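Notes follow once the structure below has been shown.
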Amino acid sequence: MPLRYGAGVKGKIIEAIQNKVPVITTDIGAEGVNNTSGIIQIANTEKEFANAVINLYKDCQKLNDISALSHMFIEENFSKKEAEKIIKNILNKEPSLLTK
């Protein structure tokens, strides 16, 4: 289901992860951002959101863990190296794209 409001939310979530900023979002906000277990937290109600913020504020180890996982997530999914691999894979499957 596409977002109805807040264009660019996915990009903002990826940018926050890239900057190792903890992310608390709703199910809709997390749609399409895969493999983020341990990195982003889902909170669909005001109470869940408030509790998630408080819990992160009190847990320095969890913040450090999120930071480490965030770095690994970006390297595995959004690094220049990964982008090059994806482009090479596409071009290998569709060599005709090179002549257009």
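By convention here, the chains of the structure tokens are called A, B, ... in the order presented, each chain's residues are numbered starting at 1, and ligands are numbered starting at 1 in the order presented.
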Requested in this report: Please provide the set of residues having any atom within 12 Å of Thr25 in chain A, restricted to only C-alpha atoms, with same-chain residues fewer than 3 positions apart removed, written as a PyMOL selection string.
Outcome: chain A and resi 9-10+12-13+16+22+28-31+33+36+39-46+48-50+52-53
Requested in this report: Once DSSP has gone over the backbone, tell me which residues of chain A are in strand (DSSP E or B), as number ranges by chain.
Outcome: A: 23-25, 40-42
Query raised in the report: Of the candidates A:Cys60, A:Ile14, A:Asn55, A:Ser70, which one gets nearest to Gly38 in chain A if we count only C-alpha atoms?
Result: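 Answer, going by the shortest atom-to-atom distance: A:Ser70.
Interatomic distance, CA of Leu69 in chain A against CA of Lys20 in chain A: 8.7 Å.
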Query - Every residue of chain A that DSSP places in alpha helix (DSSP H), as a ChimeraX atom specification - result: /A:9-18,27-30,46-58,60-77,80-93
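CA of Glu75 in chain A is found 15.4 Å from CA of Ser37 in chain A.
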Report task. Report the distance between CA of Gln18 in chain A and CA of Ser79 in chain A in Å, rounded to one decimal place. Result ->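 It comes out at 9.9 Å.
Among A:Lys80, A:Lys62, A:His71, A:Lys85, the residue with the shortest atom-to-atom distance to Glu15 in chain A, counting only C-alpha atoms, is A:His71.
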